[in-house]
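Presented below is the structure to which this report refers.
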Amino acid sequence: MTIISIANRKGGTGKTTTALNLGAEEAARGKKTLLIDLDTQGHLGWGLGFKGEKEFPVYIHKLFEDKNFDLKDAVYETPFENLYLAPADVNFINNHQEKMEVDILKKSLNKFIKENNIDVVIIDTPPTLDIFMLSALVASDVVLIPFLPHFLAAVGVKQMAKLFYKVAVKHNTNLRLLGLVPVMVNKRIGMHKKVIEDLTRVFGKNRMLRGIRTNVKLAEAFLAGIPVRYYAPKSAGAMDYYLLTEEIHMLIGEK
Ligand SMILES: Nc1ncnc2c1ncn2[C@@H]1O[C@H](COP(=O)(O)OP(=O)(O)OP(=O)(O)O)[C@@H](O)[C@H]1O
Ligand SMILES: [Mg+2]
């Protein structure tokens, strides 16, 4: 059983696309997979075909305002076998931030996992440093940081890594930085190559995971509400997420 947070404080770095397609890969391999959307933009649901107007009776964000919240009430089947979603509340207004406990998600998740034989949990986080991001890191075994290979993005990755170390020291000593995932990569662009090389020097070769190439099928699949492995199985996007999943399994020692 593995809990993976997908996080980067910078917006638009492929977090949701990665959470969604990694989740679809795991589910297709027969793993009972739960996707949790902690980002109140609610994009993960869109990517699974739940359009904006879809109302769920209970959202994952209720966890942060209701002491009696039970995660099972916020988990829904998706059209894809083995793949479950805990959707975000796009109307959630966070009035209680200072009173919230950082391990609230961890506790709720541990109970749910035990009761439901979940194999993999993937948490999509917002591009902000807030209680949702912290809760995700506290609840997780490993973190993946997707980033765009641009100069400012490299600054964002270093900020994110600092936050990771802080949480790992203070709240969750088991937390591992699984790796950095360059997204929307074109190796023929000199800047992409340079940024990836620089970050590889800082974080080490083992932490620089396979890149995801720029591939319009990933954006199209998202709009269609279908993971890319089903939307365009022969595309570069489908191939890259397949290979990233294999690489992650090797790193965490799973088949
Ligand atoms: N490899 C790729 N090739 C082409 N387009 C991509 C790729 N990855 C993501 N995109 C597109 O880029 C946009 C941003 O991606 P995504 O929503 O996954 O980023 P994010 O980090 O979750 O953003 P936010 O910070 O707003 O949550 C989306 O329109 C998505 O479809
Ligand atoms: Mg997102």
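Just so we're on the same page: first chain in the structure tokens is A, next is B, and so on; residues restart at 1 for each chain, and ligands are numbered from 1 in the order they show up.
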When DSSP is applied to the backbone of this structure, which of stretch 17-219 of chain A are assigned strand (DSSP E)? Write them out as a ChimeraX atom specification. /A:33-37,76-77,83-86,120-124,142-147,176-185,212-213
Considering only C-alpha atoms and all ligand atoms, tabulate each residue of chain A that lies at most 6 Å from ligand 2 along with its nearest interatomic pair and the corresponding distance in Å to one decimal; arrange the rows by chain and ascending residue number and present them as a Markdown table.
| residue | atom | partner | partner_atom_place_in_ligand_line | distance |
| --- | --- | --- | --- | --- |
| A:Lys15 | CA | ligand 2 | 1 (Mg) | 5.2 |
| A:Thr16 | CA | ligand 2 | 1 (Mg) | 4.1 |
| A:His43 | CA | ligand 2 | 1 (Mg) | 6.0 |
Take the residues that were just selected and, keeping N, CA and C atoms, output them as a PDB file, in the first residue's frame.
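See result_19.pdb below for the written result:
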ATOM      1  N   LYS A  15       0.483  18.675 -12.322  1.00  0.00           N
ATOM      2  CA  LYS A  15       0.137  17.876 -11.130  1.00  0.00           C
ATOM      3  C   LYS A  15      -1.107  17.020 -11.371  1.00  0.00           C
ATOM      4  N   THR A  16      -2.179  17.693 -11.800  1.00  0.00           N
ATOM      5  CA  THR A  16      -3.449  16.978 -11.968  1.00  0.00           C
ATOM      6  C   THR A  16      -3.351  15.935 -13.082  1.00  0.00           C
ATOM      7  N   HIS A  43     -10.177  20.086 -10.541  1.00  0.00           N
ATOM      8  CA  HIS A  43      -9.862  19.640 -11.912  1.00  0.00           C
ATOM      9  C   HIS A  43      -9.803  18.130 -12.070  1.00  0.00           C
TER      10      HIS A  43
END
Quick one: pick out all helix (DSSP H, G or I) residues within stretch 39-159 of chain A from a backbone DSSP run and write them as number ranges by chain. A: 43-47, 60-64, 71-74, 97-99, 104-116, 131-139, 151-159
Please produce a file of those selected residues containing N, CA and C atoms, as a compact mmCIF listing (two decimals), in the first residue's frame.
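The result, written out as out14.txt:
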# COMPACT_ATOMS: atom_id res chain seq x y z
N HIS A 43 -10.18 20.09 -10.54
CA HIS A 43 -9.86 19.64 -11.91
C HIS A 43 -9.80 18.13 -12.07
N LEU A 44 -9.43 17.44 -11.00
CA LEU A 44 -9.27 15.99 -11.11
C LEU A 44 -10.58 15.33 -11.53
N GLY A 45 -11.68 15.80 -10.95
CA GLY A 45 -13.00 15.28 -11.31
C GLY A 45 -13.30 15.52 -12.79
N TRP A 46 -12.94 16.70 -13.27
CA TRP A 46 -13.15 17.01 -14.70
C TRP A 46 -12.41 15.99 -15.57
N GLY A 47 -11.19 15.70 -15.19
CA GLY A 47 -10.35 14.79 -15.97
C GLY A 47 -10.87 13.37 -15.99
N ILE A 60 -14.47 15.70 -0.28
CA ILE A 60 -13.35 15.45 0.64
C ILE A 60 -13.12 16.66 1.57
N HIS A 61 -13.43 17.86 1.10
CA HIS A 61 -13.14 19.04 1.93
C HIS A 61 -13.98 19.12 3.20
N LYS A 62 -15.04 18.33 3.25
CA LYS A 62 -15.84 18.29 4.48
C LYS A 62 -14.99 17.82 5.67
N LEU A 63 -13.98 17.02 5.34
CA LEU A 63 -13.03 16.55 6.36
C LEU A 63 -12.50 17.69 7.22
N PHE A 64 -12.32 18.85 6.59
CA PHE A 64 -11.67 19.96 7.28
C PHE A 64 -12.64 20.82 8.09
N LEU A 71 -14.50 9.26 5.67
CA LEU A 71 -14.01 9.34 4.29
C LEU A 71 -14.85 8.52 3.31
N LYS A 72 -15.40 7.41 3.79
CA LYS A 72 -16.16 6.55 2.86
C LYS A 72 -17.34 7.30 2.23
N ASP A 73 -17.87 8.30 2.93
CA ASP A 73 -18.99 9.07 2.39
C ASP A 73 -18.57 9.98 1.22
N ALA A 74 -17.28 10.22 1.09
CA ALA A 74 -16.80 11.14 0.04
C ALA A 74 -16.07 10.41 -1.08
N GLN A 97 -8.69 27.59 8.96
CA GLN A 97 -7.34 27.12 8.71
C GLN A 97 -6.49 26.97 9.96
N GLU A 98 -6.53 28.00 10.82
CA GLU A 98 -5.62 27.99 11.97
C GLU A 98 -5.98 26.92 13.00
N LYS A 99 -7.26 26.47 12.97
CA LYS A 99 -7.68 25.48 13.97
C LYS A 99 -7.50 24.04 13.47
N ILE A 104 -5.17 15.32 10.23
CA ILE A 104 -6.58 14.95 10.12
C ILE A 104 -6.82 14.02 8.90
N LEU A 105 -6.16 14.30 7.80
CA LEU A 105 -6.32 13.45 6.60
C LEU A 105 -5.68 12.09 6.84
N LYS A 106 -4.51 12.11 7.44
CA LYS A 106 -3.78 10.85 7.71
C LYS A 106 -4.65 9.87 8.50
N LYS A 107 -5.28 10.36 9.56
CA LYS A 107 -6.09 9.50 10.41
C LYS A 107 -7.27 8.92 9.62
N SER A 108 -7.96 9.78 8.93
CA SER A 108 -9.14 9.40 8.18
C SER A 108 -8.79 8.39 7.07
N LEU A 109 -7.67 8.65 6.43
CA LEU A 109 -7.22 7.82 5.32
C LEU A 109 -6.79 6.43 5.82
N ASN A 110 -6.07 6.40 6.91
CA ASN A 110 -5.61 5.10 7.44
C ASN A 110 -6.78 4.18 7.74
N LYS A 111 -7.82 4.75 8.31
CA LYS A 111 -9.01 3.96 8.65
C LYS A 111 -9.66 3.45 7.35
N PHE A 112 -9.83 4.32 6.40
CA PHE A 112 -10.49 3.96 5.15
C PHE A 112 -9.71 2.87 4.39
N ILE A 113 -8.40 3.02 4.35
CA ILE A 113 -7.55 2.07 3.63
C ILE A 113 -7.69 0.67 4.22
N LYS A 114 -7.65 0.61 5.53
CA LYS A 114 -7.76 -0.68 6.22
C LYS A 114 -9.11 -1.33 5.93
N GLU A 115 -10.16 -0.54 5.99
CA GLU A 115 -11.52 -1.09 5.83
C GLU A 115 -11.84 -1.46 4.39
N ASN A 116 -11.12 -0.90 3.43
CA ASN A 116 -11.51 -1.08 2.03
C ASN A 116 -10.43 -1.70 1.14
N ILE A 131 -3.22 24.38 4.37
CA ILE A 131 -3.50 23.21 5.20
C ILE A 131 -3.74 21.96 4.33
N PHE A 132 -4.24 22.13 3.13
CA PHE A 132 -4.51 20.98 2.27
C PHE A 132 -3.19 20.34 1.80
N MET A 133 -2.31 21.19 1.36
CA MET A 133 -0.97 20.72 0.94
C MET A 133 -0.26 20.04 2.12
N LEU A 134 -0.28 20.70 3.30
CA LEU A 134 0.39 20.12 4.47
C LEU A 134 -0.22 18.78 4.86
N SER A 135 -1.55 18.73 4.88
CA SER A 135 -2.24 17.48 5.25
C SER A 135 -1.84 16.35 4.31
N ALA A 136 -1.72 16.67 3.04
CA ALA A 136 -1.34 15.65 2.05
C ALA A 136 0.06 15.12 2.35
N LEU A 137 0.98 16.04 2.63
CA LEU A 137 2.36 15.60 2.89
C LEU A 137 2.46 14.79 4.18
N VAL A 138 1.67 15.18 5.16
CA VAL A 138 1.69 14.45 6.44
C VAL A 138 1.11 13.05 6.27
N ALA A 139 0.13 12.91 5.38
CA ALA A 139 -0.55 11.62 5.20
C ALA A 139 0.22 10.67 4.27
N PHE A 151 13.40 28.12 -16.14
CA PHE A 151 14.25 28.61 -15.05
C PHE A 151 13.48 28.86 -13.77
N LEU A 152 12.35 29.58 -13.86
CA LEU A 152 11.62 29.90 -12.63
C LEU A 152 11.02 28.66 -12.00
N ALA A 153 10.72 27.67 -12.84
CA ALA A 153 10.17 26.43 -12.32
C ALA A 153 11.19 25.73 -11.42
N ALA A 154 12.47 25.87 -11.78
CA ALA A 154 13.52 25.26 -10.97
C ALA A 154 13.53 25.89 -9.57
N VAL A 155 13.28 27.20 -9.51
CA VAL A 155 13.19 27.88 -8.21
C VAL A 155 12.03 27.28 -7.41
N GLY A 156 10.91 27.08 -8.08
CA GLY A 156 9.73 26.50 -7.43
C GLY A 156 10.01 25.11 -6.88
N VAL A 157 10.76 24.31 -7.64
CA VAL A 157 11.08 22.94 -7.19
C VAL A 157 11.91 23.00 -5.90
N LYS A 158 12.86 23.93 -5.85
CA LYS A 158 13.70 24.03 -4.65
C LYS A 158 12.87 24.47 -3.45
N GLN A 159 11.92 25.39 -3.67
CA GLN A 159 11.02 25.81 -2.57
C GLN A 159 10.20 24.62 -2.09
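You can rank A:Gly49, A:Gly225, A:Gly30, A:Pro127 by their closest distance to A:Asn82 using only C-alpha atoms, and at the top of that list sits A:Gly30.
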Pick out the residues no farther than 6 Å from ligand 1, counting only C-alpha atoms and all ligand atoms, and list them as a count of residues only. 19
Test item: residues at most 10 Å from A:Pro149, only C-alpha atoms, excluding those fewer than 2 positions along its chain, as a VMD selection string: chain A and resid 13 146 to 147 151 to 154 181 to 187 189 191 to 197 199 211
Writing out the chosen residues with C-alpha atoms as an mmCIF file, in the first residue's frame:
data_model
loop_
_atom_site.group_PDB
_atom_site.id
_atom_site.type_symbol
_atom_site.label_atom_id
_atom_site.label_comp_id
_atom_site.auth_asym_id
_atom_site.auth_seq_id
_atom_site.Cartn_x
_atom_site.Cartn_y
_atom_site.Cartn_z
ATOM 1 C CA THR A 13 3.060 22.094 -13.702
ATOM 2 C CA PRO A 146 6.149 17.496 -11.399
ATOM 3 C CA PHE A 147 7.785 20.595 -12.847
ATOM 4 C CA PHE A 151 14.253 28.606 -15.051
ATOM 5 C CA LEU A 152 11.617 29.897 -12.630
ATOM 6 C CA ALA A 153 10.169 26.426 -12.315
ATOM 7 C CA ALA A 154 13.518 25.257 -10.967
ATOM 8 C CA VAL A 181 9.061 14.583 -12.905
ATOM 9 C CA PRO A 182 9.826 16.988 -15.755
ATOM 10 C CA VAL A 183 6.578 17.637 -17.620
ATOM 11 C CA MET A 184 5.968 19.074 -21.096
ATOM 12 C CA VAL A 185 9.543 18.311 -22.040
ATOM 13 C CA ASN A 186 11.125 18.847 -25.409
ATOM 14 C CA LYS A 187 14.778 17.789 -25.165
ATOM 15 C CA ILE A 189 14.978 22.873 -26.501
ATOM 16 C CA MET A 191 16.710 25.443 -21.887
ATOM 17 C CA HIS A 192 14.739 22.275 -21.047
ATOM 18 C CA LYS A 193 17.918 20.206 -21.126
ATOM 19 C CA LYS A 194 19.833 22.700 -19.028
ATOM 20 C CA VAL A 195 17.178 23.040 -16.312
ATOM 21 C CA ILE A 196 16.837 19.248 -16.032
ATOM 22 C CA GLU A 197 20.634 18.848 -15.835
ATOM 23 C CA LEU A 199 18.196 19.976 -10.999
ATOM 24 C CA GLY A 211 10.013 13.018 -18.260
#
Atom-to-atom span, atom CA of A:Val75 and atom CA of A:Lys31, Å: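 Taking atom CA of A:Val75 as the start and atom CA of A:Lys31 as the end point, the length is 16.1 Å.
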Neighbouring residues of stretch 232-234 of chain A were defined as those with any atom within 10 Å, considering only C-alpha atoms; residues of the same chain fewer than 4 positions away were excluded. Please report them as a ChimeraX atom specification. /A:217-218,220-221,226-228,238-239,242
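Each of A:Thr2, A:Thr128, A:Asn117, A:Thr18 was checked against A:Thr40 using only C-alpha atoms; the smallest atom-to-atom distance is that of A:Thr128.
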Close residues, A:Ala168 itself excluded, 12 Å, only C-alpha atoms, min 3 positions apart in chain, as a list of chain:residue names: A:Leu134, A:Ala136, A:Leu137, A:Val138, A:Ala139, A:Ser140, A:Asp141, A:Val142, A:Val143, A:Ala161, A:Lys162, A:Leu163, A:Phe164, A:Tyr165, A:His171, A:Asn172, A:Thr173, A:Asn174, A:Leu175, A:Arg176, A:Leu177
Same residues, N, CA and C atoms, saved as a short mmCIF file (atom, residue, chain, number, x, y, z; two decimals), in the first residue's frame:
data_model
loop_
_atom_site.label_atom_id
_atom_site.label_comp_id
_atom_site.auth_asym_id
_atom_site.auth_seq_id
_atom_site.Cartn_x
_atom_site.Cartn_y
_atom_site.Cartn_z
N LEU A 134 -0.28 20.70 3.30
CA LEU A 134 0.39 20.12 4.47
C LEU A 134 -0.22 18.78 4.86
N ALA A 136 -1.72 16.67 3.04
CA ALA A 136 -1.34 15.65 2.05
C ALA A 136 0.06 15.12 2.35
N LEU A 137 0.98 16.04 2.63
CA LEU A 137 2.36 15.60 2.89
C LEU A 137 2.46 14.79 4.18
N VAL A 138 1.67 15.18 5.16
CA VAL A 138 1.69 14.45 6.44
C VAL A 138 1.11 13.05 6.27
N ALA A 139 0.13 12.91 5.38
CA ALA A 139 -0.55 11.62 5.20
C ALA A 139 0.22 10.67 4.27
N SER A 140 1.22 11.17 3.56
CA SER A 140 1.82 10.40 2.46
C SER A 140 3.05 9.60 2.85
N ASP A 141 3.34 8.59 2.02
CA ASP A 141 4.60 7.86 2.12
C ASP A 141 5.66 8.53 1.25
N VAL A 142 5.22 8.95 0.07
CA VAL A 142 6.18 9.53 -0.88
C VAL A 142 5.57 10.75 -1.58
N VAL A 143 6.47 11.62 -2.07
CA VAL A 143 6.05 12.81 -2.81
C VAL A 143 6.68 12.79 -4.20
N ALA A 161 10.95 21.49 -2.34
CA ALA A 161 11.81 20.52 -1.65
C ALA A 161 12.05 20.97 -0.20
N LYS A 162 12.21 22.28 0.00
CA LYS A 162 12.41 22.79 1.36
C LYS A 162 11.20 22.47 2.23
N LEU A 163 10.03 22.68 1.66
CA LEU A 163 8.79 22.38 2.40
C LEU A 163 8.74 20.89 2.73
N PHE A 164 9.12 20.07 1.75
CA PHE A 164 9.14 18.63 1.96
C PHE A 164 10.02 18.29 3.17
N TYR A 165 11.25 18.84 3.22
CA TYR A 165 12.16 18.50 4.33
C TYR A 165 11.59 18.97 5.66
N HIS A 171 6.77 16.51 11.04
CA HIS A 171 5.49 15.79 11.15
C HIS A 171 5.50 14.35 10.68
N ASN A 172 6.36 14.03 9.71
CA ASN A 172 6.24 12.72 9.07
C ASN A 172 7.63 12.21 8.68
N THR A 173 8.27 11.53 9.64
CA THR A 173 9.66 11.11 9.40
C THR A 173 9.75 9.99 8.36
N ASN A 174 8.61 9.38 8.02
CA ASN A 174 8.63 8.32 7.00
C ASN A 174 8.55 8.86 5.57
N LEU A 175 8.28 10.14 5.45
CA LEU A 175 8.04 10.73 4.12
C LEU A 175 9.31 10.68 3.27
N ARG A 176 9.16 10.22 2.01
CA ARG A 176 10.31 10.16 1.08
C ARG A 176 10.04 11.03 -0.14
N LEU A 177 11.07 11.72 -0.57
CA LEU A 177 10.95 12.44 -1.84
C LEU A 177 11.25 11.43 -2.95
#
The residue from A:Ile93, A:Ala86, A:Met160, A:Ile145 with the smallest atom-to-atom distance to A:Leu129, counting only C-alpha atoms, is A:Met160
Top pick for closest residue to A:Arg229, considering A:Met100, A:Val167, A:Leu243, A:Ile4 and counting only C-alpha atoms: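 So, comparing all the options, the nearest one is A:Leu243.
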Counting only C-alpha atoms, what is within 8 Å of A:Leu244, bar same-chain residues fewer than 2 positions away, as an NGL selection string? :A and (22 or 209-211 or 240-242 or 246-248)
Keeping only N, CA and C atoms, write the selected residues to a file as a PDB file, in the first residue's frame.
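Writing the result to selection_23.pdb gives the following:
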ATOM      1  N   LEU A  22      -1.443   8.592 -13.649  1.00  0.00           N
ATOM      2  CA  LEU A  22      -0.786   7.605 -12.792  1.00  0.00           C
ATOM      3  C   LEU A  22      -1.853   6.726 -12.130  1.00  0.00           C
ATOM      4  N   LEU A 209      13.153  11.615 -12.406  1.00  0.00           N
ATOM      5  CA  LEU A 209      12.412  10.522 -13.039  1.00  0.00           C
ATOM      6  C   LEU A 209      12.205  10.798 -14.532  1.00  0.00           C
ATOM      7  N   ARG A 210      11.631   9.808 -15.183  1.00  0.00           N
ATOM      8  CA  ARG A 210      11.339   9.929 -16.615  1.00  0.00           C
ATOM      9  C   ARG A 210      10.505  11.176 -16.873  1.00  0.00           C
ATOM     10  N   GLY A 211      10.810  11.849 -17.927  1.00  0.00           N
ATOM     11  CA  GLY A 211      10.013  13.018 -18.260  1.00  0.00           C
ATOM     12  C   GLY A 211       8.735  12.642 -18.992  1.00  0.00           C
ATOM     13  N   ASP A 240       4.425   7.653 -22.031  1.00  0.00           N
ATOM     14  CA  ASP A 240       5.235   8.256 -20.968  1.00  0.00           C
ATOM     15  C   ASP A 240       4.654   7.971 -19.584  1.00  0.00           C
ATOM     16  N   TYR A 241       3.344   8.003 -19.449  1.00  0.00           N
ATOM     17  CA  TYR A 241       2.761   7.710 -18.124  1.00  0.00           C
ATOM     18  C   TYR A 241       2.861   6.217 -17.797  1.00  0.00           C
ATOM     19  N   TYR A 242       2.819   5.370 -18.825  1.00  0.00           N
ATOM     20  CA  TYR A 242       3.042   3.940 -18.598  1.00  0.00           C
ATOM     21  C   TYR A 242       4.456   3.729 -18.035  1.00  0.00           C
ATOM     22  N   GLU A 246       5.944   2.410 -14.301  1.00  0.00           N
ATOM     23  CA  GLU A 246       6.916   1.300 -14.139  1.00  0.00           C
ATOM     24  C   GLU A 246       8.103   1.767 -13.299  1.00  0.00           C
ATOM     25  N   GLU A 247       8.576   2.959 -13.587  1.00  0.00           N
ATOM     26  CA  GLU A 247       9.744   3.480 -12.872  1.00  0.00           C
ATOM     27  C   GLU A 247       9.427   3.681 -11.385  1.00  0.00           C
ATOM     28  N   ILE A 248       8.238   4.188 -11.112  1.00  0.00           N
ATOM     29  CA  ILE A 248       7.831   4.401  -9.720  1.00  0.00           C
ATOM     30  C   ILE A 248       7.753   3.066  -8.989  1.00  0.00           C
TER      31      ILE A 248
END
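Restricting the calculation to only C-alpha atoms, the smallest distance between A:Lys32 and any of A:Ile6, A:Ile118, A:Met1, A:Val102 is found for A:Ile118.
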